[in-house]
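What follows is a single structure, written as structure tokens, with notes after it.
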2 protein chains.
Amino acid sequence: MTGATIAMPTDERLSAATPSNRRGEVIRWIAGLHDELTSFFGRLDRGGTFIEDRWERPGGGGGVARVMTDGVTFEKAGINRSAVMGVLPEAAARRLGGRGAMQGTTHFFATGVSLVIHPRSPKVPTVHLNVRYFELTDEHGQLTDCWFGGGTDLTPFYPHVEDAQGFHVALRDMCDRHHTSFYPRFKQWCDEYFVNVHRDNEARGVGGVFFDHLRAHEPSHGLDFEATQAFVTDVARVLRQAYEPIVNRRRHDAFNEAEREFQLVRRGRYVEFNLVHDRGTTFGLQTNARVESVLMSLPPVAMWHYAPRYSPDSFEARLLRMLEPRDWVADVAGA
Amino acid sequence: MTGATIAMPTDERLSAATPSNRRGEVIRWIAGLHDELTSFFGRLDRGGTFIEDRWERPGGGGGVARVMTDGVTFEKAGINRSAVMGVLPEAAARRLGGRGAMQGTTHFFATGVSLVIHPRSPKVPTVHLNVRYFELTDEHGQLTDCWFGGGTDLTPFYPHVEDAQGFHVALRDMCDRHHTSFYPRFKQWCDEYFVNVHRDNEARGVGGVFFDHLRAHEPSHGLDFEATQAFVTDVARVLRQAYEPIVNRRRHDAFNEAEREFQLVRRGRYVEFNLVHDRGTTFGLQTNARVESVLMSLPPVAMWHYAPRYSPDSFEARLLRMLEPRDWVADVAGA
């Protein structure tokens, strides 16, 4: 493959500067997933359209942001891809945690696609998905580390137990096709990651899967680069099974003002997680990525109520109890 | 004075544990300012009432949160006081920047009052004010450093130039009664502090004054402890001159939907500043203070628009131009 077929002006430059031959290829892979996901959510919305912005990063690279704000089903849908490279600030290198990231100057290359969908109805959960590929190189341009990361998690606003179960069953089935260790390990990682530590460890949703530093040929799975990448591709495509059925089941459900308000309060917690804890957001803000794309994940509207209290039988209290991590797949088997 | 007149159960315990004799006294001083500010904003609202929550911090100390959510003029008004003590986590000690904060175990004592007022009308600006007192002690209980901090800043949503000017003139007049170096220095500090660095250095509002590590007997001002504290007291009382006239001038102004929406978008930037950059918020989240009190500064509702564009003559564009730091007092003199 050559860089000639790439529409993004920055791609060729990145590809030319590659220390491995993979950069051009993974950039095209991510661009393909970006297109698939945009088509998928365009169809799923049943009426809205994405507008597209292309941006370049001063330090190297750029991205393509696609946002839908006129959706029928989705109040705001943002799907970004980016391919960026440059010198990693020390704080970012420490947080990133790759091998060799601590000695001398670290150069990075990162490409990924990331989406957050905020539905209009509080009966339809918010979903997030991200897949990414990282390379670290030393000052001589030698590759010191490369890995995949990604995940998807569901944030319901109404206590529909079967939605959480269906989401997790779809993830488990997809993961199991690649390696049986993936779902249990990445499900737990997700439960540990999407947590508002400052809110007494409240989860942002009912979890899903999350993984980082997934390298080819690791003893835990033994998959080669292509097989590892194939797993990550399936993560990017899993919402057809994991999320589409939920949207179709809930999109016409009636909702009242209290349910809408609770959705906005929970979205406030989503804002807190993304701005205070999320690695992708922090990495974006530290590495000078385009701020409108980094913060595209924020909801269109959010609320903060002071110290709300909910009676134990209310839908709010039932939703909050659903956020306590559990084995959703075992619950299905046992039901 | 004895601790016997203090209603807060935690005050006496803190007072008894004091390495200096000042702790009980400064706790009462802050409680007095808290009461004054609550009365002031209760009257200014013309109808709303504050509800009060008292909380204790597991590591030592506690606070009193007062929140108004049924206001006539104010959509959400939060006024907190706290007095907390304990061992400082290393990251927090580094950020705090006191003398002797880097060797061995650092114990801290901090008391302060802090408020954020979110008016209903976009024609009335949001205001923030905070005054605080800090002590650091080493592992032997020896006082290694103590200082005052504080400030107030104005966040308008509509481009009323005279509001920003009046706010700054009142601050300048108050500061000048204590030391002529204070206003220019603390005005600049404010311009440098309340900045969304990740938003291409956009200011959160039109500034005001901000200061930290203000110690008695510093060569730059020569004020003793009592005189320094008297200045900080006047900072806490300045909104009578600096903010009340603005509220009274704007409270009955009509506003339309576009103006309300822009207010909510600007409040989104307020959320970003508080969660990503604000030292008080970060300190609170790191030191295990009560989260509902730490995040009481967040607005009741906020919005995020994707990459909004405003025509150069729009009120939005004029407001954004007002955020570029300038000498508001000289503008008045020159007008």
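Labels used: A, B, ... for chains in the order of the structure tokens, numbers from 1 for residues in each chain, and numbers from 1 for ligands as shown.
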Range 40-51 of chain B surroundings by only C-alpha atoms, 9 Å radius, close-in-sequence under 4 positions cut, as a PDB file with C-alpha atoms, in the first residue's frame:
```pdb
ATOM      1  CA  ASP B  35     -22.571  34.530  58.494  1.00  0.00           C
ATOM      2  CA  GLU B  36     -22.134  38.032  57.058  1.00  0.00           C
ATOM      3  CA  ALA B  65     -22.349  24.377  53.565  1.00  0.00           C
ATOM      4  CA  ARG B  66     -25.148  26.830  52.848  1.00  0.00           C
ATOM      5  CA  VAL B  67     -26.979  26.554  49.544  1.00  0.00           C
ATOM      6  CA  MET B  68     -29.870  28.505  48.042  1.00  0.00           C
ATOM      7  CA  THR B  69     -31.706  26.856  45.150  1.00  0.00           C
ATOM      8  CA  ASP B  70     -35.114  28.572  45.415  1.00  0.00           C
ATOM      9  CA  GLY B  71     -33.764  32.061  44.801  1.00  0.00           C
ATOM     10  CA  VAL B  72     -35.644  34.862  43.065  1.00  0.00           C
ATOM     11  CA  THR B  73     -32.482  36.390  41.620  1.00  0.00           C
ATOM     12  CA  PHE B  74     -30.022  33.536  42.068  1.00  0.00           C
ATOM     13  CA  ALA B  77     -25.937  30.314  45.511  1.00  0.00           C
ATOM     14  CA  GLY B  78     -23.441  28.287  47.510  1.00  0.00           C
ATOM     15  CA  ILE B 117     -23.316  32.762  42.906  1.00  0.00           C
ATOM     16  CA  ARG B 240     -21.346  45.310  48.771  1.00  0.00           C
ATOM     17  CA  GLU B 244     -24.539  44.659  44.703  1.00  0.00           C
ATOM     18  CA  VAL B 247     -27.272  43.099  40.561  1.00  0.00           C
ATOM     19  CA  ASN B 248     -29.575  46.026  41.307  1.00  0.00           C
TER      20      ASN B 248
END
```
- Task: Please provide the set of residues having any atom within 10 Å of Val291 in chain B, restricted to only C-alpha atoms, with same-chain residues fewer than 2 positions apart removed, written as a PyMOL selection string.
- Result: (chain A and resi 198-200+307) or (chain B and resi 281+284-285+288-289+293-296)
- Task: For CA of Thr228 in chain A and CA of Ile27 in chain A, determine how far apart the two atoms are, in Å to one decimal place.
- Result: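 Computing the Euclidean distance for CA of Thr228 in chain A and CA of Ile27 in chain A yields 16.1 Å.
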- Item | Counting only C-alpha atoms, the residue of B:Asp176, B:Glu257, B:Asp191, B:Asp278 that sits nearest chain A |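 The closest residue to chain A is B:Asp278.
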- Message: One number please: CA of His217 in chain B to CA of Val87 in chain B, in Å, one decimal.
- Response: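 Pair CA of His217 in chain B / CA of Val87 in chain B returns 27.1 Å.
Considering the residues B:Gly207, B:Gly112, B:Pro89, B:Gly62 and counting only C-alpha atoms, Arg28 in chain B has its shortest atom-to-atom contact with B:Gly112.
Using only C-alpha atoms, the residues found no farther than 10 Å from Ala254 in chain A, other than those of its own chain fewer than 5 positions away, are Ser121, Pro122, Lys123 and Glu259 of chain A.
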- Message: Could you pull out the strand (DSSP E or B) residues of range 133-277 of chain B, going by DSSP on the backbone, and write them as JSON, numbers by chain?
- Response: {"B": [133, 134, 135, 136, 137, 143, 144, 145, 146, 147, 148, 149, 150, 151, 152, 153, 154, 155, 195, 196, 202, 203, 207, 208, 209, 210, 211, 212, 213, 214]}
- Item | Computed interatomic separation between CA of His140 in chain B and CA of Pro219 in chain B (Å) | 28.8 Å
- Name all residues at most 9 Å from range 188-190 of chain A (count only C-alpha atoms; drop same-chain ones fewer than 2 positions away) and give them as a list of chain:residue names.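 My list of contacting residues is A:Gly151, A:Thr152, A:Asp153, A:Tyr183, A:Pro184, A:Arg185, A:Phe186, A:Glu192, A:Tyr193, A:Phe194, A:Val195, A:Gly207, A:Gly208, A:Val209, A:Phe210, A:Phe211, A:Pro325.
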Restricted to C-alpha atoms, what would the selected residues look like written as a PDB file, in the first residue's frame?
```pdb
ATOM      1  CA  GLY A 151     -13.077  -0.287  25.176  1.00  0.00           C
ATOM      2  CA  THR A 152     -16.735   0.556  25.349  1.00  0.00           C
ATOM      3  CA  ASP A 153     -18.994   1.304  28.287  1.00  0.00           C
ATOM      4  CA  TYR A 183     -13.811 -10.514  28.723  1.00  0.00           C
ATOM      5  CA  PRO A 184     -13.227 -11.261  32.429  1.00  0.00           C
ATOM      6  CA  ARG A 185      -9.994  -9.259  32.477  1.00  0.00           C
ATOM      7  CA  PHE A 186     -11.213  -6.266  30.452  1.00  0.00           C
ATOM      8  CA  GLU A 192     -11.935  -0.124  37.919  1.00  0.00           C
ATOM      9  CA  TYR A 193     -11.390   2.599  35.327  1.00  0.00           C
ATOM     10  CA  PHE A 194     -14.716   4.434  34.846  1.00  0.00           C
ATOM     11  CA  VAL A 195     -15.017   5.466  38.478  1.00  0.00           C
ATOM     12  CA  GLY A 207     -19.267  -0.789  32.673  1.00  0.00           C
ATOM     13  CA  GLY A 208     -18.315  -2.820  29.633  1.00  0.00           C
ATOM     14  CA  VAL A 209     -14.740  -3.579  28.611  1.00  0.00           C
ATOM     15  CA  PHE A 210     -11.581  -1.486  28.828  1.00  0.00           C
ATOM     16  CA  PHE A 211      -7.975  -2.371  28.017  1.00  0.00           C
ATOM     17  CA  PRO A 325     -20.132  -3.512  39.748  1.00  0.00           C
TER      18      PRO A 325
END
```
- Message: Nearest residue to chain A out of B:Trp304, B:Phe255, B:Phe315, B:Trp328, using only C-alpha atoms?
- Response: B:Trp304
